[in-house]
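Engineer: Below are the structure tokens for one structure; questions will follow.
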Amino acid sequence: MLFRLGSMLMKPGAKLALLAFAIVFPFLASNEYQVYVMASAFVWAIAVYGLNIITGYCGQLNLAHGGFFAIGAYTLGLLTSDAGWSFWPAFLAALVMAAVLGFFVGLVSLRLKEHYFAIFTLCVGFIIYLLLDKWVGLTHGPIGVRDIAAPTGFGLVDFTDTTPFYYLVLAFLVLAIWFMGRLSRSLLGRTFLAIRNGDELAQSLGINLMRNKVLAFVLSTTYAGLAGALYAGMVRFIGPEEANIVHTFDMITYLLVGGIGTITGPLLGTVGIVWITQSLQFLEEYRMILFGPLLVVLVIFFPRGITGSFLTWMHRKSQSSAPEKARADNAIASTQTREAENNA
């Protein structure tokens, strides 16, 4: 049943139906809070798509992803609240800042491999958290940044309202997914996959490892900065906890549950877990007693995530059906041959 549902969702018409559902969701929601929760899930999904580039496609586990999310949020927050910038110039600056810092961190960290790279990026994420928490003169320290500007609608739309902001985030999410799809089908995407399969194999194909790894890292941090800037514009207040390593592990969980290295996995995993978490809010601190075993069950029965497990099932089904199809074709050909001989 689940795989039949997955087969339906993989069709282009179903994807358009999901987009249509996302468009009309604010009219179907019973209250404004549900719209806010969905907008928040979309913001985190954008960040998870960035993590999918460096981890899912390039095979490098970046544990500083939450830190770059905070960099985007703080860049926009400080420029709008302290420097008096309007939202959109600060928004572009947040993307540039996340990309530039990602470039320099990538140049250093990507010289390491496997768990050494993961440990180094974990330290980078912790350093970002300490800077945001202790550099009071710049970041306001534990107090955080208040009165962050909301997106300006140029007199046409008021993005301080939840529903218009929801559609803004949805537009950026669609753009992020479109870019991810184009990337996965491009030569660059196949280059990332070759690197994920093995450095030696990629080098034997003439791939410049460092250049492509740094590019993947920069794309990943740009996604994180984009999500962080949107998050700051949505909540209008941020603190050092935005760089907490917990957020990075949350995003890794979203990616693993949805399907690492897939197009729809980050969206399914993020939206699904966010809504499950919201549904269990009534349990308060006991909700992890139910949520934890649920994640364990998903990992056991869907080790490649929901989307990844479905794609594996489809591949096995096509392989098993190929011999049957060949036998059927041979039987039809034999029948046609006998009929031709009898007619002759």
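Ligands are numbered from 1 in the order shown, residues from 1 within each chain, and chains are lettered A, B, ... in the order they appear in the structure tokens.
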Within 12 Å of Ile207 (chain A), counting only C-alpha atoms, which residues qualify if same-chain residues fewer than 4 places away don't, as a PDB file with N, CA, C and O atoms, in the first residue's frame?

Structural biologist:
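Output below, filename selection-v3.pdb:
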ATOM      1  N   LEU A 187      25.699  17.340 -15.350  1.00  0.00           N
ATOM      2  CA  LEU A 187      27.037  16.753 -15.247  1.00  0.00           C
ATOM      3  C   LEU A 187      27.635  17.009 -13.877  1.00  0.00           C
ATOM      4  O   LEU A 187      28.321  16.146 -13.316  1.00  0.00           O
ATOM      5  N   LEU A 188      27.368  18.199 -13.306  1.00  0.00           N
ATOM      6  CA  LEU A 188      27.888  18.518 -11.975  1.00  0.00           C
ATOM      7  C   LEU A 188      27.307  17.576 -10.934  1.00  0.00           C
ATOM      8  O   LEU A 188      28.028  17.106 -10.044  1.00  0.00           O
ATOM      9  N   ARG A 190      26.244  14.497 -11.405  1.00  0.00           N
ATOM     10  CA  ARG A 190      26.876  13.188 -11.575  1.00  0.00           C
ATOM     11  C   ARG A 190      28.316  13.202 -11.070  1.00  0.00           C
ATOM     12  O   ARG A 190      28.824  12.183 -10.599  1.00  0.00           O
ATOM     13  N   THR A 191      28.954  14.367 -11.157  1.00  0.00           N
ATOM     14  CA  THR A 191      30.305  14.500 -10.600  1.00  0.00           C
ATOM     15  C   THR A 191      30.276  14.350  -9.091  1.00  0.00           C
ATOM     16  O   THR A 191      31.128  13.665  -8.493  1.00  0.00           O
ATOM     17  N   PHE A 192      29.287  14.992  -8.441  1.00  0.00           N
ATOM     18  CA  PHE A 192      29.147  14.853  -6.993  1.00  0.00           C
ATOM     19  C   PHE A 192      28.918  13.389  -6.605  1.00  0.00           C
ATOM     20  O   PHE A 192      29.478  12.902  -5.614  1.00  0.00           O
ATOM     21  N   LEU A 193      28.082  12.689  -7.370  1.00  0.00           N
ATOM     22  CA  LEU A 193      27.809  11.285  -7.077  1.00  0.00           C
ATOM     23  C   LEU A 193      29.063  10.433  -7.235  1.00  0.00           C
ATOM     24  O   LEU A 193      29.280   9.482  -6.469  1.00  0.00           O
ATOM     25  N   ALA A 194      29.893  10.760  -8.211  1.00  0.00           N
ATOM     26  CA  ALA A 194      31.146  10.018  -8.397  1.00  0.00           C
ATOM     27  C   ALA A 194      32.063  10.220  -7.189  1.00  0.00           C
ATOM     28  O   ALA A 194      32.725   9.277  -6.736  1.00  0.00           O
ATOM     29  N   ILE A 195      32.090  11.438  -6.667  1.00  0.00           N
ATOM     30  CA  ILE A 195      32.902  11.707  -5.478  1.00  0.00           C
ATOM     31  C   ILE A 195      32.352  10.942  -4.283  1.00  0.00           C
ATOM     32  O   ILE A 195      33.107  10.409  -3.453  1.00  0.00           O
ATOM     33  N   GLY A 198      33.485   7.378  -4.200  1.00  0.00           N
ATOM     34  CA  GLY A 198      34.885   7.124  -3.850  1.00  0.00           C
ATOM     35  C   GLY A 198      35.809   8.159  -4.466  1.00  0.00           C
ATOM     36  O   GLY A 198      35.691   8.452  -5.661  1.00  0.00           O
ATOM     37  N   ASP A 199      36.716   8.679  -3.662  1.00  0.00           N
ATOM     38  CA  ASP A 199      37.651   9.693  -4.158  1.00  0.00           C
ATOM     39  C   ASP A 199      38.555   9.130  -5.247  1.00  0.00           C
ATOM     40  O   ASP A 199      38.841   9.800  -6.245  1.00  0.00           O
ATOM     41  N   GLU A 200      39.023   7.891  -5.032  1.00  0.00           N
ATOM     42  CA  GLU A 200      39.938   7.301  -6.008  1.00  0.00           C
ATOM     43  C   GLU A 200      39.255   7.105  -7.355  1.00  0.00           C
ATOM     44  O   GLU A 200      39.828   7.374  -8.414  1.00  0.00           O
ATOM     45  N   LEU A 201      37.996   6.641  -7.292  1.00  0.00           N
ATOM     46  CA  LEU A 201      37.246   6.456  -8.535  1.00  0.00           C
ATOM     47  C   LEU A 201      37.049   7.794  -9.247  1.00  0.00           C
ATOM     48  O   LEU A 201      37.216   7.888 -10.469  1.00  0.00           O
ATOM     49  N   ALA A 202      36.708   8.825  -8.489  1.00  0.00           N
ATOM     50  CA  ALA A 202      36.488  10.135  -9.098  1.00  0.00           C
ATOM     51  C   ALA A 202      37.774  10.670  -9.714  1.00  0.00           C
ATOM     52  O   ALA A 202      37.757  11.234 -10.820  1.00  0.00           O
ATOM     53  N   GLN A 203      38.893  10.501  -9.021  1.00  0.00           N
ATOM     54  CA  GLN A 203      40.174  10.972  -9.565  1.00  0.00           C
ATOM     55  C   GLN A 203      40.550  10.216 -10.826  1.00  0.00           C
ATOM     56  O   GLN A 203      41.120  10.796 -11.761  1.00  0.00           O
ATOM     57  N   ARG A 211      38.051  21.126  -5.950  1.00  0.00           N
ATOM     58  CA  ARG A 211      37.214  22.161  -6.545  1.00  0.00           C
ATOM     59  C   ARG A 211      35.733  21.789  -6.457  1.00  0.00           C
ATOM     60  O   ARG A 211      34.896  22.619  -6.097  1.00  0.00           O
ATOM     61  N   ASN A 212      35.398  20.547  -6.754  1.00  0.00           N
ATOM     62  CA  ASN A 212      34.000  20.137  -6.750  1.00  0.00           C
ATOM     63  C   ASN A 212      33.459  19.981  -5.334  1.00  0.00           C
ATOM     64  O   ASN A 212      32.285  20.281  -5.081  1.00  0.00           O
ATOM     65  N   LYS A 213      34.281  19.537  -4.411  1.00  0.00           N
ATOM     66  CA  LYS A 213      33.833  19.450  -3.020  1.00  0.00           C
ATOM     67  C   LYS A 213      33.556  20.832  -2.444  1.00  0.00           C
ATOM     68  O   LYS A 213      32.562  21.039  -1.740  1.00  0.00           O
TER      69      LYS A 213
END

Engineer: Please identify every residue of region 56-144 of chain A that has at least one atom no farther than 9 Å from an atom of region 151-161 of chain A, counting only C-alpha atoms, and for each give the shortest atom pair and the distance in Å to one decimal, arranged by chain then increasing number, as a tab-separated table.

Structural biologist:
residue	atom	partner	partner_atom	distance
A:Ser86	CA	A:Thr152	CA	7.7
A:Phe87	CA	A:Pro151	CA	5.2
A:Trp88	CA	A:Pro151	CA	6.8
A:Phe91	CA	A:Pro151	CA	8.9

Engineer: Just to be explicit: take each residue in the selection above, keep N, CA and C atoms, and write the result as a CSV table (one decimal), in the first residue's frame.

Structural biologist:
chain,number,residue,atom,x,y,z
A,86,SER,N,16.9,47.6,4.6
A,86,SER,CA,15.6,47.0,4.3
A,86,SER,C,15.9,45.5,4.1
A,87,PHE,N,14.8,44.7,4.1
A,87,PHE,CA,14.9,43.3,4.1
A,87,PHE,C,15.6,42.7,2.9
A,88,TRP,N,15.3,43.1,1.7
A,88,TRP,CA,15.8,42.4,0.5
A,88,TRP,C,17.3,42.6,0.3
A,91,PHE,N,18.8,40.4,2.8
A,91,PHE,CA,18.6,39.0,2.4
A,91,PHE,C,19.7,38.6,1.5

Engineer: Between A:Thr139, A:Thr55, A:Ser81, A:Gln34, which residue has the minimum interatomic distance to Ile252 (chain A), considering only C-alpha atoms?

Structural biologist: A:Thr55

Engineer: May I have the residues within 9 Å of Phe126 (chain A) as a PDB file with C-alpha atoms, in the first residue's frame, using only C-alpha atoms and disregarding those fewer than 5 positions away in the same chain?

Structural biologist:
ATOM      1  CA  ALA A  64      28.223  22.760  10.920  1.00  0.00           C
ATOM      2  CA  GLY A  67      25.816  27.149  12.203  1.00  0.00           C
ATOM      3  CA  THR A 121      32.819  20.733  10.994  1.00  0.00           C
ATOM      4  CA  LEU A 131      30.872  33.659  18.679  1.00  0.00           C
ATOM      5  CA  ALA A 243      23.366  27.782  15.934  1.00  0.00           C
ATOM      6  CA  ASN A 244      22.868  24.956  18.423  1.00  0.00           C
ATOM      7  CA  ILE A 245      24.180  21.624  17.189  1.00  0.00           C
TER       8      ILE A 245
END

Engineer: Quote the spacing between CA of Asn52 (chain A) and CA of Ile260 (chain A) in Å to one decimal place.

Structural biologist: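 Between these atoms lies a distance of 6.5 Å.
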
Engineer: Looking at only C-alpha atoms, which of A:Met38, A:Ala17, A:Leu183, A:Val24 is the one that sits closest to Val271 (chain A)?

Structural biologist: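 Closest to Val271 (chain A), using only C-alpha atoms: A:Met38.
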
Engineer: Considering only C-alpha atoms, state which residue in the set A:Pro266, A:Gly228, A:Gly206, A:Gly261 is at the smallest distance from Gly59 (chain A).

Structural biologist: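 Using only C-alpha atoms, Gly59 (chain A) sits closest to A:Gly261.
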
Engineer: Looking at A:Cys58, A:Met210, A:Val274, A:Ala98, which one is nearest to Ser184 (chain A), with distances taken over only C-alpha atoms?

Structural biologist: A:Cys58
